[in-house]
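Below: my_file_13.cif (mmCIF, C-alpha atoms and all ligand atoms)
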```cif
data_structure
loop_
_atom_site.label_atom_id
_atom_site.label_comp_id
_atom_site.auth_asym_id
_atom_site.auth_seq_id
_atom_site.Cartn_x
_atom_site.Cartn_y
_atom_site.Cartn_z
CA MET A 184 88.81 87.07 133.16
CA ALA A 185 86.50 87.82 136.08
CA VAL A 186 86.08 84.99 138.58
CA PHE A 187 82.56 84.25 139.70
CA LYS A 188 81.69 81.88 142.53
CA LEU A 189 81.55 78.28 141.40
CA ASP A 190 79.29 77.06 144.25
CA ASN A 191 75.95 75.68 143.23
CA VAL A 192 73.67 78.66 143.77
CA GLU A 193 70.89 76.35 145.00
CA ASP A 194 73.05 75.25 147.94
CA LEU A 195 73.01 78.81 149.23
CA TYR A 196 69.70 80.15 147.90
CA GLU A 197 66.26 78.65 147.59
CA ILE A 198 64.93 79.51 144.13
CA GLY A 199 61.41 80.94 144.13
CA SER A 200 58.88 82.30 141.67
CA VAL A 201 59.58 84.10 138.41
CA LEU A 202 59.57 87.90 138.73
CA GLY A 203 60.25 88.74 135.12
CA SER A 204 61.89 87.60 131.91
CA GLY A 205 64.49 89.18 129.73
CA HIS A 206 65.97 88.22 126.41
CA PHE A 207 68.58 85.98 127.97
CA GLY A 208 66.83 84.35 130.87
CA GLN A 209 64.62 84.88 133.86
CA VAL A 210 64.66 86.88 137.06
CA ARG A 211 63.41 84.93 140.09
CA GLU A 212 62.84 85.63 143.73
CA VAL A 213 65.47 83.79 145.82
CA ARG A 214 65.79 83.27 149.58
CA GLU A 215 69.24 83.20 151.15
CA ARG A 216 69.26 80.01 153.21
CA ALA A 217 71.67 81.33 155.86
CA THR A 218 69.74 84.50 156.65
CA ASP A 219 66.23 84.03 155.21
CA VAL A 220 66.67 87.34 153.39
CA LEU A 221 64.92 87.65 150.02
CA TRP A 222 66.86 88.71 146.90
CA ALA A 223 66.32 88.52 143.18
CA GLY A 224 68.35 86.10 141.04
CA LYS A 225 69.00 87.09 137.43
CA PHE A 226 69.73 83.86 135.54
CA LEU A 227 71.64 84.61 132.34
CA LYS A 228 72.18 81.88 129.75
CA LEU A 229 75.69 81.68 128.37
CA LYS A 230 76.49 80.79 124.77
CA LYS A 231 77.27 77.07 124.53
CA GLY A 232 80.03 77.54 122.00
CA ALA A 233 81.46 79.95 119.46
CA GLY A 234 78.86 78.90 116.87
CA SER A 235 75.94 79.11 119.26
CA ARG A 236 73.38 81.69 118.29
CA LEU A 237 71.64 81.90 121.62
CA GLY A 238 72.83 83.04 125.00
CA LEU A 239 75.31 85.69 125.99
CA GLU A 240 79.04 85.91 125.53
CA ARG A 241 80.69 85.54 128.93
CA LYS A 242 82.52 88.80 128.21
CA SER A 243 79.22 90.62 127.99
CA VAL A 244 78.08 89.26 131.38
CA GLU A 245 81.45 90.21 132.87
CA LYS A 246 80.92 93.75 131.66
CA GLU A 247 77.45 93.98 133.24
CA VAL A 248 78.86 92.60 136.51
CA GLU A 249 81.90 94.88 136.52
CA ILE A 250 79.65 97.89 135.97
CA LEU A 251 77.12 96.89 138.64
CA GLN A 252 79.93 96.22 141.12
CA SER A 253 81.19 99.74 140.65
CA LEU A 254 77.81 101.33 141.36
CA GLN A 255 76.44 101.76 144.86
CA HIS A 256 73.55 104.19 144.94
CA GLN A 257 70.09 104.27 146.47
CA ASN A 258 68.47 104.60 143.04
CA ILE A 259 70.43 101.84 141.33
CA MET A 260 69.76 98.14 141.81
CA ALA A 261 72.51 96.71 144.03
CA LEU A 262 74.50 93.60 143.16
CA LYS A 263 75.27 91.17 145.99
CA ASP A 264 76.88 88.10 144.49
CA VAL A 265 77.64 86.27 141.23
CA PHE A 266 77.63 82.53 140.60
CA GLU A 267 78.65 80.66 137.50
CA SER A 268 77.90 77.20 136.17
CA ARG A 269 78.68 75.68 132.76
CA ALA A 270 75.53 77.02 131.17
CA GLU A 271 74.64 80.17 133.05
CA VAL A 272 75.65 83.02 135.31
CA VAL A 273 73.41 83.99 138.21
CA LEU A 274 73.47 87.55 139.51
CA ILE A 275 72.09 87.88 143.03
CA VAL A 276 70.68 91.39 143.23
CA GLU A 277 68.52 93.52 145.46
CA LEU A 278 64.87 92.44 145.31
CA ILE A 279 62.72 95.25 143.93
CA LYS A 280 59.14 94.67 144.96
CA GLY A 281 57.27 97.71 143.69
CA GLY A 282 57.01 96.90 139.97
CA GLU A 283 57.49 99.37 137.15
CA LEU A 284 57.13 103.10 137.87
CA PHE A 285 54.87 103.58 134.83
CA ASP A 286 52.43 100.89 135.99
CA PHE A 287 52.29 102.57 139.40
CA ILE A 288 51.55 105.96 137.83
CA ALA A 289 48.98 104.51 135.39
CA GLU A 290 46.92 103.26 138.34
CA LYS A 291 46.54 106.80 139.69
CA GLU A 292 43.59 109.05 138.92
CA ASN A 293 45.73 112.16 138.85
CA LEU A 294 49.32 113.24 139.32
CA THR A 295 50.66 116.78 139.68
CA GLU A 296 53.92 117.81 138.06
CA THR A 297 55.31 118.24 141.57
CA GLU A 298 54.68 114.54 142.27
CA ALA A 299 56.13 113.54 138.90
CA ILE A 300 59.22 115.65 139.62
CA GLU A 301 59.90 113.68 142.81
CA PHE A 302 60.32 110.56 140.64
CA MET A 303 62.20 112.42 137.93
CA LYS A 304 64.63 113.78 140.53
CA GLN A 305 65.47 110.29 141.74
CA ILE A 306 66.02 109.04 138.18
CA LEU A 307 68.32 112.01 137.57
CA GLU A 308 70.20 111.39 140.83
CA GLY A 309 70.84 107.80 139.70
CA VAL A 310 71.91 108.91 136.23
CA ARG A 311 74.14 111.70 137.57
CA TYR A 312 75.84 109.18 139.87
CA MET A 313 76.44 106.65 137.10
CA HIS A 314 77.81 109.34 134.79
CA GLN A 315 80.15 110.47 137.58
CA LYS A 316 81.33 106.86 137.67
CA THR A 317 81.77 107.02 133.85
CA VAL A 318 78.93 104.60 133.16
CA ALA A 319 76.27 105.20 130.51
CA HIS A 320 73.17 103.00 130.79
CA PHE A 321 72.07 103.12 127.12
CA ASP A 322 68.73 101.43 127.80
CA LEU A 323 66.84 103.77 130.09
CA LYS A 324 63.18 103.12 129.39
CA PRO A 325 60.01 102.55 131.46
CA GLU A 326 60.63 98.79 131.80
CA ASN A 327 63.96 99.52 133.49
CA ILE A 328 62.69 102.03 136.03
CA MET A 329 61.21 100.26 139.01
CA LEU A 330 60.00 101.13 142.50
CA SER A 331 61.42 99.67 145.71
CA ASP A 332 58.01 99.36 147.34
CA LYS A 333 54.90 100.91 145.86
CA HIS A 334 53.10 100.99 149.23
CA ALA A 335 55.79 103.13 150.88
CA PRO A 336 54.80 106.82 151.31
CA ASN A 337 57.80 107.92 149.20
CA PRO A 338 58.90 104.91 147.18
CA ASP A 339 62.51 104.79 145.97
CA ILE A 340 63.23 104.62 142.27
CA LYS A 341 65.52 101.76 141.25
CA ILE A 342 67.21 101.72 137.87
CA ILE A 343 67.74 98.16 136.60
CA ASP A 344 69.20 96.24 133.65
CA PHE A 345 72.78 97.28 132.94
CA GLY A 346 73.03 94.74 130.11
CA MET A 347 73.68 97.46 127.54
CA ALA A 348 75.65 99.78 129.80
CA HIS A 349 79.12 100.95 128.78
CA ARG A 350 82.00 102.59 130.49
CA PHE A 351 82.90 105.77 128.64
CA ILE A 352 85.96 107.93 128.43
CA GLN A 353 85.33 111.62 129.05
CA GLY A 354 85.47 113.53 125.76
CA GLU A 355 85.37 110.45 123.51
CA GLU A 356 82.43 110.00 121.21
CA TYR A 357 80.40 106.84 121.54
CA LYS A 358 77.66 105.80 119.15
CA SER A 359 75.07 103.14 119.90
CA LEU A 360 72.10 101.85 117.98
CA GLY A 361 70.38 100.93 121.23
CA GLY A 362 68.39 103.16 123.55
CA THR A 363 65.01 104.81 123.55
CA PRO A 364 65.22 108.57 123.14
CA GLN A 365 61.74 109.93 123.65
CA TYR A 366 60.45 109.09 127.08
CA ILE A 367 60.47 112.34 129.04
CA GLY A 368 57.87 114.00 126.80
CA GLU A 369 55.76 110.87 127.06
CA CYS A 370 55.87 110.88 130.84
CA LEU A 371 54.23 114.28 131.06
CA SER A 372 51.70 114.27 128.27
CA GLY A 373 51.20 110.62 127.45
CA LEU A 374 52.38 111.46 123.95
CA SER A 375 55.79 111.78 122.39
CA PRO A 376 56.43 115.22 120.91
CA PHE A 377 57.93 113.29 117.96
CA GLN A 378 54.80 111.22 117.42
CA GLY A 379 54.07 110.63 113.73
CA GLU A 380 51.26 108.80 111.99
CA THR A 381 53.43 105.69 111.68
CA ASP A 382 56.52 104.29 113.44
CA GLU A 383 58.60 105.25 110.39
CA GLU A 384 57.39 108.84 110.59
CA THR A 385 58.11 108.94 114.35
CA LEU A 386 61.63 107.67 113.69
CA ARG A 387 62.16 110.21 110.90
CA ASN A 388 60.99 112.98 113.25
CA ILE A 389 63.44 111.83 115.93
CA VAL A 390 66.37 111.70 113.53
CA ALA A 391 65.50 115.14 112.15
CA MET A 392 64.79 116.45 115.70
CA LYS A 393 61.39 117.56 114.40
CA TYR A 394 58.89 117.85 117.21
CA GLU A 395 56.03 119.91 118.50
CA PHE A 396 54.04 120.16 121.71
CA GLU A 397 50.54 119.61 120.37
CA PRO A 398 48.23 121.92 122.35
CA HIS A 399 45.53 119.32 122.96
CA CYS A 400 48.06 116.99 124.62
CA PHE A 401 50.37 119.47 126.33
CA SER A 402 47.81 122.06 127.49
CA GLN A 403 48.15 121.00 131.15
CA THR A 404 51.96 120.97 130.93
CA SER A 405 53.80 123.94 132.42
CA ASN A 406 56.12 126.08 130.30
CA MET A 407 58.96 125.19 132.65
CA ALA A 408 58.40 121.50 131.91
CA LYS A 409 58.38 122.20 128.17
CA ASP A 410 61.59 124.20 128.52
CA PHE A 411 63.13 121.27 130.42
CA ILE A 412 62.16 118.84 127.64
CA GLN A 413 63.38 121.20 124.92
CA LYS A 414 66.79 121.46 126.56
CA LEU A 415 67.07 117.67 126.49
CA LEU A 416 65.86 117.18 122.93
CA VAL A 417 69.05 118.60 121.49
CA LYS A 418 70.96 116.57 118.94
CA ASP A 419 74.40 117.97 119.74
CA GLN A 420 75.33 116.25 122.97
CA SER A 421 77.61 119.10 124.07
CA GLU A 422 74.62 121.47 123.92
CA ARG A 423 72.25 119.10 125.73
CA MET A 424 71.62 119.41 129.50
CA THR A 425 73.62 116.97 131.58
CA ALA A 426 71.97 115.12 134.49
CA GLU A 427 73.80 117.55 136.78
CA GLU A 428 72.29 120.54 134.92
CA CYS A 429 68.84 118.92 134.86
CA LEU A 430 68.90 118.76 138.64
CA ILE A 431 69.27 122.54 138.86
CA HIS A 432 66.78 123.40 136.10
CA PRO A 433 63.99 125.53 137.68
CA TRP A 434 61.39 122.88 136.82
CA ILE A 435 63.21 120.44 139.10
CA LYS A 436 64.57 123.01 141.55
CA PRO A 437 62.35 126.12 141.49
CA LEU A 438 64.03 129.41 142.28
CA ASN A 439 61.04 131.25 143.73
CA ARG A 440 57.48 130.90 144.96
CA THR A 441 55.96 131.77 141.58
CA GLN A 442 57.78 128.86 139.96
CA ILE A 443 56.65 126.52 142.75
CA ALA A 444 53.04 127.64 142.30
CA LYS A 445 53.20 127.11 138.50
CA ARG A 446 54.46 123.58 139.03
CA ASN A 447 51.72 122.81 141.52
CA ARG A 448 49.01 124.04 139.16
CA SER A 449 50.21 121.87 136.26
CA SER A 450 49.39 118.21 136.05
CA ILE A 451 50.05 115.09 134.04
CA ASN A 452 47.60 114.22 131.28
CA MET A 453 46.49 110.94 132.87
CA LYS A 454 44.11 109.94 130.09
CA ASN A 455 46.93 109.98 127.55
CA PHE A 456 49.39 108.48 130.00
CA LYS A 457 47.13 105.48 130.66
CA LYS A 458 46.61 105.03 126.90
CA PHE A 459 50.34 105.26 126.33
CA ASN A 460 51.09 102.71 129.05
CA ALA A 461 48.48 100.26 127.75
CA ARG A 462 49.88 100.61 124.22
CA ARG A 463 53.42 100.05 125.55
CA LYS A 464 52.36 96.87 127.37
CA TRP A 465 50.56 95.65 124.29
CA LYS A 466 53.65 96.25 122.15
CA MET A 467 55.81 94.35 124.65
CA SER A 468 53.46 91.33 124.49
CA PHE A 469 53.30 91.58 120.70
CA ASN A 470 57.11 91.60 120.46
CA MET A 471 57.30 88.55 122.72
CA VAL A 472 54.75 86.64 120.60
CA SER A 473 56.56 87.65 117.39
CA ALA A 474 59.85 86.41 118.85
CA CYS A 475 58.19 83.07 119.76
CA ASN A 476 56.79 82.75 116.24
CA ARG A 477 60.17 83.49 114.67
CA PHE A 478 61.76 80.92 116.94
CA CYS A 479 59.15 78.25 116.04
CA ARG A 480 59.57 78.94 112.31
CA LEU A 481 63.33 78.57 112.67
CA GLN A 482 62.89 75.23 114.45
CA LEU A 483 60.60 73.95 111.67
CA LEU A 484 63.05 75.14 109.02
CA CYS A 485 65.92 73.30 110.72
CA LYS A 486 63.87 70.09 110.91
CA ALA A 487 62.94 70.34 107.24
CA ARG A 488 66.58 70.80 106.20
CA GLY A 489 67.79 67.62 107.86
CA PRO A 490 70.94 66.51 109.68
CA GLU A 491 73.36 69.10 108.25
CA GLN A 492 71.47 71.66 110.30
CA GLN A 493 72.00 69.64 113.51
CA GLU A 494 74.43 72.15 114.97
CA LEU A 495 72.06 75.03 114.45
CA ARG A 496 69.20 73.01 115.95
CA ASP A 497 71.32 72.22 119.00
CA CYS A 498 72.04 75.89 119.43
CA GLU A 499 68.43 76.92 119.10
CA SER A 500 67.34 74.33 121.63
CA ASP A 501 69.70 75.77 124.26
CA GLN A 502 66.76 77.66 125.63
CA GLU A 503 64.24 74.88 125.42
CA ASP A 504 65.90 72.43 127.76
CA THR A 505 65.82 74.91 130.61
CA GLY A 506 62.32 76.17 130.06
CA THR A 507 63.17 79.82 129.52
CA LYS A 508 61.43 81.90 126.89
CA PRO A 509 62.87 82.02 123.36
CA ALA A 510 65.14 84.93 122.84
CA SER A 511 64.82 87.62 120.28
CA LEU A 512 67.86 87.10 118.12
CA LEU A 513 67.74 90.64 116.95
CA ARG A 514 68.06 92.87 119.93
CA ARG A 515 70.41 94.04 122.59
CA ARG A 516 74.02 93.31 123.19
CA LEU A 517 74.16 93.06 119.45
CA SER A 518 73.78 96.78 119.49
CA SER A 519 76.74 98.07 117.58
CA SER A 520 79.19 100.64 118.74
CA SER A 521 81.74 102.70 116.94
P1 LIG B 601 66.06 92.67 128.60
O1 LIG B 601 66.27 91.56 127.68
O2 LIG B 601 64.66 93.24 128.54
O3 LIG B 601 67.09 93.74 128.53
P2 LIG B 601 67.30 91.34 130.85
O4 LIG B 601 67.49 89.92 130.41
O5 LIG B 601 68.54 92.15 130.90
O6 LIG B 601 66.14 92.06 130.05
P3 LIG B 601 66.17 92.59 133.15
O7 LIG B 601 65.59 93.69 132.33
O8 LIG B 601 67.27 92.94 134.07
O9 LIG B 601 66.60 91.35 132.25
O10 LIG B 601 64.98 91.90 133.96
C1 LIG B 601 63.84 91.36 133.32
C2 LIG B 601 62.62 91.67 134.16
O11 LIG B 601 62.74 91.06 135.46
C3 LIG B 601 62.42 93.14 134.47
O12 LIG B 601 61.69 93.78 133.45
C4 LIG B 601 61.69 93.13 135.79
O13 LIG B 601 60.31 92.93 135.59
C5 LIG B 601 62.24 91.90 136.49
N1 LIG B 601 63.36 92.26 137.40
C6 LIG B 601 64.62 92.53 137.05
N2 LIG B 601 65.39 92.81 138.12
C7 LIG B 601 64.58 92.70 139.19
C8 LIG B 601 64.79 92.88 140.60
N3 LIG B 601 65.97 93.19 141.09
N4 LIG B 601 63.72 92.69 141.43
C9 LIG B 601 62.51 92.37 140.92
N5 LIG B 601 62.25 92.17 139.60
C10 LIG B 601 63.27 92.35 138.74
#
```

Starting from the file, give its structure as structure tokens.
Amino acid sequence: MAVFKLDNVEDLYEIGSVLGSGHFGQVREVRERATDVLWAGKFLKLKKGAGSRLGLERKSVEKEVEILQSLQHQNIMALKDVFESRAEVVLIVELIKGGELFDFIAEKENLTETEAIEFMKQILEGVRYMHQKTVAHFDLKPENIMLSDKHAPNPDIKIIDFGMAHRFIQGEEYKSLGGTPQYIGECLSGLSPFQGETDEETLRNIVAMKYEFEPHCFSQTSNMAKDFIQKLLVKDQSERMTAEECLIHPWIKPLNRTQIAKRNRSSINMKNFKKFNARRKWKMSFNMVSACNRFCRLQLLCKARGPEQQELRDCESDQEDTGTKPASLLRRRLSSSS
């Protein structure tokens, strides 16, 4: 069992404002008292007991910590320290001030493919590194791709949230129900090539690998970019480009001046991108409100059923006494593997 520091984190760090919330707690700005340096503290609620429905298994936190400890890369959020109390584990990590990459892009009036590639390259560098270290992230999505400092001339990408990450064994198959498979196409056109009329149709298209680059959305997208996407949207993993191969694809690393010029002439469909980002934000808020409603209904149900439900009520109120947001009971870390 991993040993985390048992000191009271507040003796060493002053706890500041909330930077973000996840399913199992909050991320807050913290100031190291000894040095005045600012960090981020990720406060993760632990399950109170075997029957508790909320909070994380300690084992799951240990896994996230073990994985983060093994990764030191410019494009991956760094872990500094870990503290543990009876109810929670606190990860002290690098403070990432620039917000989400997608929000940064959505504020722009225009973006060339060349500019987009600079971000893509950094994401790929981070992914290549973690794969070299036999780590798969399994939850790479816009919310988990942040910028070190959005005012810097060339801001660094930082990949965060290794809560669903796994260590893999080369050659062994791993299946997960987590993950979000369609983001590269969305980055360039503001539309997923799998987009259906409904979520069900989109999902069916993804499973069947049925996609098309609709001309009205992908008209500004270069053929090299489409080729890059196509080589990633391959069901058979052994046929799909690896991060290493992506980094030498001519869209990322052009071989001649003609390819460079083509890239420079192509641009991101900002109108669709902004729409996509707004829809994504709206969905995130909707999911949070739905989770709150589910939680409230559960509380009412427990009250109505009386004392035999006391244990369940105690579990559900784990979150309430510390003021964190109710958790979705459905999502991550429940993601199954086989
Ligand atoms: P989820 O339940 O969505 O998987 P989580 O509980 O694992 O989330 P994170 O995704 O790691 O938590 O963090 C939640 C949010 O906190 C992020 O979306 C981001 O806005 C913010 N955040 C996380 N890490 C940092 C950091 N190092 N610096 C600044 N903000 C951060």

Q: To one decimal in Å, tell me the separation between CA of His314 in chain A and atom O1 of ligand LIG 601 (chain B).
A: 22.4 Å

With a cut-off of 10 Å, could you pull out the residues of chain A touching ligand LIG 601 (chain B) and give me the nearest pair of atoms for each, distance in Å to one decimal, using all atoms listed in the file, ordered by chain and ascending number, as JSON lines?
```
{"residue": "A:Val201", "atom": "CA", "partner": "B:LIG601", "partner_atom": "O11", "distance": 8.2}
{"residue": "A:Leu202", "atom": "CA", "partner": "B:LIG601", "partner_atom": "N5", "distance": 5.1}
{"residue": "A:Gly203", "atom": "CA", "partner": "B:LIG601", "partner_atom": "O11", "distance": 3.4}
{"residue": "A:Ser204", "atom": "CA", "partner": "B:LIG601", "partner_atom": "C1", "distance": 4.5}
{"residue": "A:Gly205", "atom": "CA", "partner": "B:LIG601", "partner_atom": "O4", "distance": 3.2}
{"residue": "A:His206", "atom": "CA", "partner": "B:LIG601", "partner_atom": "O1", "distance": 3.6}
{"residue": "A:Phe207", "atom": "CA", "partner": "B:LIG601", "partner_atom": "O4", "distance": 4.8}
{"residue": "A:Gly208", "atom": "CA", "partner": "B:LIG601", "partner_atom": "O4", "distance": 5.6}
{"residue": "A:Gln209", "atom": "CA", "partner": "B:LIG601", "partner_atom": "C1", "distance": 6.5}
{"residue": "A:Val210", "atom": "CA", "partner": "B:LIG601", "partner_atom": "O11", "distance": 4.9}
{"residue": "A:Arg211", "atom": "CA", "partner": "B:LIG601", "partner_atom": "N5", "distance": 7.3}
{"residue": "A:Glu212", "atom": "CA", "partner": "B:LIG601", "partner_atom": "C9", "distance": 7.3}
{"residue": "A:Trp222", "atom": "CA", "partner": "B:LIG601", "partner_atom": "N3", "distance": 7.4}
{"residue": "A:Ala223", "atom": "CA", "partner": "B:LIG601", "partner_atom": "N3", "distance": 5.1}
{"residue": "A:Gly224", "atom": "CA", "partner": "B:LIG601", "partner_atom": "N3", "distance": 7.5}
{"residue": "A:Lys225", "atom": "CA", "partner": "B:LIG601", "partner_atom": "N2", "distance": 6.8}
{"residue": "A:Phe226", "atom": "CA", "partner": "B:LIG601", "partner_atom": "O4", "distance": 8.2}
{"residue": "A:Leu227", "atom": "CA", "partner": "B:LIG601", "partner_atom": "O4", "distance": 7.0}
{"residue": "A:Lys228", "atom": "CA", "partner": "B:LIG601", "partner_atom": "O4", "distance": 9.3}
{"residue": "A:Leu239", "atom": "CA", "partner": "B:LIG601", "partner_atom": "O4", "distance": 9.9}
{"residue": "A:Val244", "atom": "CA", "partner": "B:LIG601", "partner_atom": "O5", "distance": 10.0}
{"residue": "A:Glu247", "atom": "CA", "partner": "B:LIG601", "partner_atom": "O5", "distance": 9.4}
{"residue": "A:Ile259", "atom": "CA", "partner": "B:LIG601", "partner_atom": "N3", "distance": 9.7}
{"residue": "A:Met260", "atom": "CA", "partner": "B:LIG601", "partner_atom": "N3", "distance": 6.3}
{"residue": "A:Ala261", "atom": "CA", "partner": "B:LIG601", "partner_atom": "N3", "distance": 8.0}
{"residue": "A:Leu262", "atom": "CA", "partner": "B:LIG601", "partner_atom": "N3", "distance": 8.8}
{"residue": "A:Leu274", "atom": "CA", "partner": "B:LIG601", "partner_atom": "N3", "distance": 9.5}
{"residue": "A:Ile275", "atom": "CA", "partner": "B:LIG601", "partner_atom": "N3", "distance": 8.3}
{"residue": "A:Val276", "atom": "CA", "partner": "B:LIG601", "partner_atom": "N3", "distance": 5.5}
{"residue": "A:Glu277", "atom": "CA", "partner": "B:LIG601", "partner_atom": "N3", "distance": 5.1}
{"residue": "A:Leu278", "atom": "CA", "partner": "B:LIG601", "partner_atom": "N4", "distance": 4.1}
{"residue": "A:Ile279", "atom": "CA", "partner": "B:LIG601", "partner_atom": "N4", "distance": 3.7}
{"residue": "A:Lys280", "atom": "CA", "partner": "B:LIG601", "partner_atom": "C9", "distance": 5.7}
{"residue": "A:Gly281", "atom": "CA", "partner": "B:LIG601", "partner_atom": "C9", "distance": 8.0}
{"residue": "A:Gly282", "atom": "CA", "partner": "B:LIG601", "partner_atom": "O13", "distance": 6.8}
{"residue": "A:Glu283", "atom": "CA", "partner": "B:LIG601", "partner_atom": "O13", "distance": 7.2}
{"residue": "A:Asp322", "atom": "CA", "partner": "B:LIG601", "partner_atom": "O3", "distance": 7.9}
{"residue": "A:Pro325", "atom": "CA", "partner": "B:LIG601", "partner_atom": "O12", "distance": 9.1}
{"residue": "A:Glu326", "atom": "CA", "partner": "B:LIG601", "partner_atom": "O12", "distance": 5.4}
{"residue": "A:Asn327", "atom": "CA", "partner": "B:LIG601", "partner_atom": "O7", "distance": 6.2}
{"residue": "A:Ile328", "atom": "CA", "partner": "B:LIG601", "partner_atom": "O12", "distance": 8.7}
{"residue": "A:Met329", "atom": "CA", "partner": "B:LIG601", "partner_atom": "C4", "distance": 7.8}
{"residue": "A:Leu330", "atom": "CA", "partner": "B:LIG601", "partner_atom": "C9", "distance": 9.2}
{"residue": "A:Ser331", "atom": "CA", "partner": "B:LIG601", "partner_atom": "N4", "distance": 8.5}
{"residue": "A:Lys341", "atom": "CA", "partner": "B:LIG601", "partner_atom": "N3", "distance": 8.6}
{"residue": "A:Ile342", "atom": "CA", "partner": "B:LIG601", "partner_atom": "N2", "distance": 9.1}
{"residue": "A:Ile343", "atom": "CA", "partner": "B:LIG601", "partner_atom": "O8", "distance": 5.8}
{"residue": "A:Asp344", "atom": "CA", "partner": "B:LIG601", "partner_atom": "O8", "distance": 3.8}
{"residue": "A:Phe345", "atom": "CA", "partner": "B:LIG601", "partner_atom": "O5", "distance": 7.0}
{"residue": "A:Gly346", "atom": "CA", "partner": "B:LIG601", "partner_atom": "O5", "distance": 5.2}
{"residue": "A:Met347", "atom": "CA", "partner": "B:LIG601", "partner_atom": "O3", "distance": 7.6}
{"residue": "A:Met467", "atom": "CA", "partner": "B:LIG601", "partner_atom": "O2", "distance": 9.7}
{"residue": "A:Ala510", "atom": "CA", "partner": "B:LIG601", "partner_atom": "O1", "distance": 8.3}
{"residue": "A:Ser511", "atom": "CA", "partner": "B:LIG601", "partner_atom": "O1", "distance": 8.5}
{"residue": "A:Arg514", "atom": "CA", "partner": "B:LIG601", "partner_atom": "O1", "distance": 8.1}
{"residue": "A:Arg515", "atom": "CA", "partner": "B:LIG601", "partner_atom": "O3", "distance": 6.8}
{"residue": "A:Arg516", "atom": "CA", "partner": "B:LIG601", "partner_atom": "O3", "distance": 8.8}
```

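Here CA of Gln442 in chain A is placed at a distance of 15.2 Å from CA of Gln403 in chain A.
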
Can you find the residues with an atom no farther than 12 Å from (76.4, 97.0, 130.1), counting only C-alpha atoms, and report them as a PDB file with C-alpha atoms, in the coordinates of the input?
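The result, stored in result.pdb:
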```pdb
ATOM      1  CA  LYS A 242      82.520  88.800 128.210  1.00  0.00           C
ATOM      2  CA  SER A 243      79.220  90.620 127.990  1.00  0.00           C
ATOM      3  CA  VAL A 244      78.080  89.260 131.380  1.00  0.00           C
ATOM      4  CA  GLU A 245      81.450  90.210 132.870  1.00  0.00           C
ATOM      5  CA  LYS A 246      80.920  93.750 131.660  1.00  0.00           C
ATOM      6  CA  GLU A 247      77.450  93.980 133.240  1.00  0.00           C
ATOM      7  CA  VAL A 248      78.860  92.600 136.510  1.00  0.00           C
ATOM      8  CA  GLU A 249      81.900  94.880 136.520  1.00  0.00           C
ATOM      9  CA  ILE A 250      79.650  97.890 135.970  1.00  0.00           C
ATOM     10  CA  LEU A 251      77.120  96.890 138.640  1.00  0.00           C
ATOM     11  CA  GLN A 252      79.930  96.220 141.120  1.00  0.00           C
ATOM     12  CA  SER A 253      81.190  99.740 140.650  1.00  0.00           C
ATOM     13  CA  MET A 313      76.440 106.650 137.100  1.00  0.00           C
ATOM     14  CA  THR A 317      81.770 107.020 133.850  1.00  0.00           C
ATOM     15  CA  VAL A 318      78.930 104.600 133.160  1.00  0.00           C
ATOM     16  CA  ALA A 319      76.270 105.200 130.510  1.00  0.00           C
ATOM     17  CA  HIS A 320      73.170 103.000 130.790  1.00  0.00           C
ATOM     18  CA  PHE A 321      72.070 103.120 127.120  1.00  0.00           C
ATOM     19  CA  ASP A 322      68.730 101.430 127.800  1.00  0.00           C
ATOM     20  CA  LEU A 323      66.840 103.770 130.090  1.00  0.00           C
ATOM     21  CA  ILE A 343      67.740  98.160 136.600  1.00  0.00           C
ATOM     22  CA  ASP A 344      69.200  96.240 133.650  1.00  0.00           C
ATOM     23  CA  PHE A 345      72.780  97.280 132.940  1.00  0.00           C
ATOM     24  CA  GLY A 346      73.030  94.740 130.110  1.00  0.00           C
ATOM     25  CA  MET A 347      73.680  97.460 127.540  1.00  0.00           C
ATOM     26  CA  ALA A 348      75.650  99.780 129.800  1.00  0.00           C
ATOM     27  CA  HIS A 349      79.120 100.950 128.780  1.00  0.00           C
ATOM     28  CA  ARG A 350      82.000 102.590 130.490  1.00  0.00           C
ATOM     29  CA  PHE A 351      82.900 105.770 128.640  1.00  0.00           C
ATOM     30  CA  SER A 359      75.070 103.140 119.900  1.00  0.00           C
ATOM     31  CA  GLY A 361      70.380 100.930 121.230  1.00  0.00           C
ATOM     32  CA  ARG A 515      70.410  94.040 122.590  1.00  0.00           C
ATOM     33  CA  ARG A 516      74.020  93.310 123.190  1.00  0.00           C
ATOM     34  CA  LEU A 517      74.160  93.060 119.450  1.00  0.00           C
ATOM     35  CA  SER A 518      73.780  96.780 119.490  1.00  0.00           C
TER      36      SER A 518
END
```

Q | Residue with smallest distance to Ser450 in chain A - pool A:Asn406, A:Asn470, A:Gln378, A:Gln255, counting all atoms listed in the file | A | A:Asn406

**Q.** Counting all atoms listed in the file, the option among A:Pro398, A:Pro338, A:Gly238, A:Gly354 closest to Phe287 in chain A
**A.**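 Of A:Pro398, A:Pro338, A:Gly238, A:Gly354, the one nearest Phe287 in chain A, counting all atoms listed in the file, is A:Pro338.
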
Q.
Please list as a list in words every residue within 12 Å of Ala444 in chain A, counting only C-alpha atoms and excluding residues in the same chain fewer than 2 positions away.
A.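 Once the adjacent positions are removed, what remains is Thr295, Glu296, Thr297, Ser405, Met407, Trp434, Pro437, Leu438, Asn439, Arg440, Thr441, Gln442, Arg446, Asn447, Arg448, Ser449 and Ser450 of chain A.
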
(Q) Could you tell me how far CA of Lys304 in chain A sits from CA of Glu428 in chain A, in Å to one decimal place? (A)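 Computing it gives 11.7 Å between the two atoms.
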
Q.
Let me make sure I understand: among A:Leu229, A:Val192, A:Met303, A:Ile198, which one has the smallest atom-to-atom distance to Phe266 in chain A if we use only C-alpha atoms?
A. A:Val192
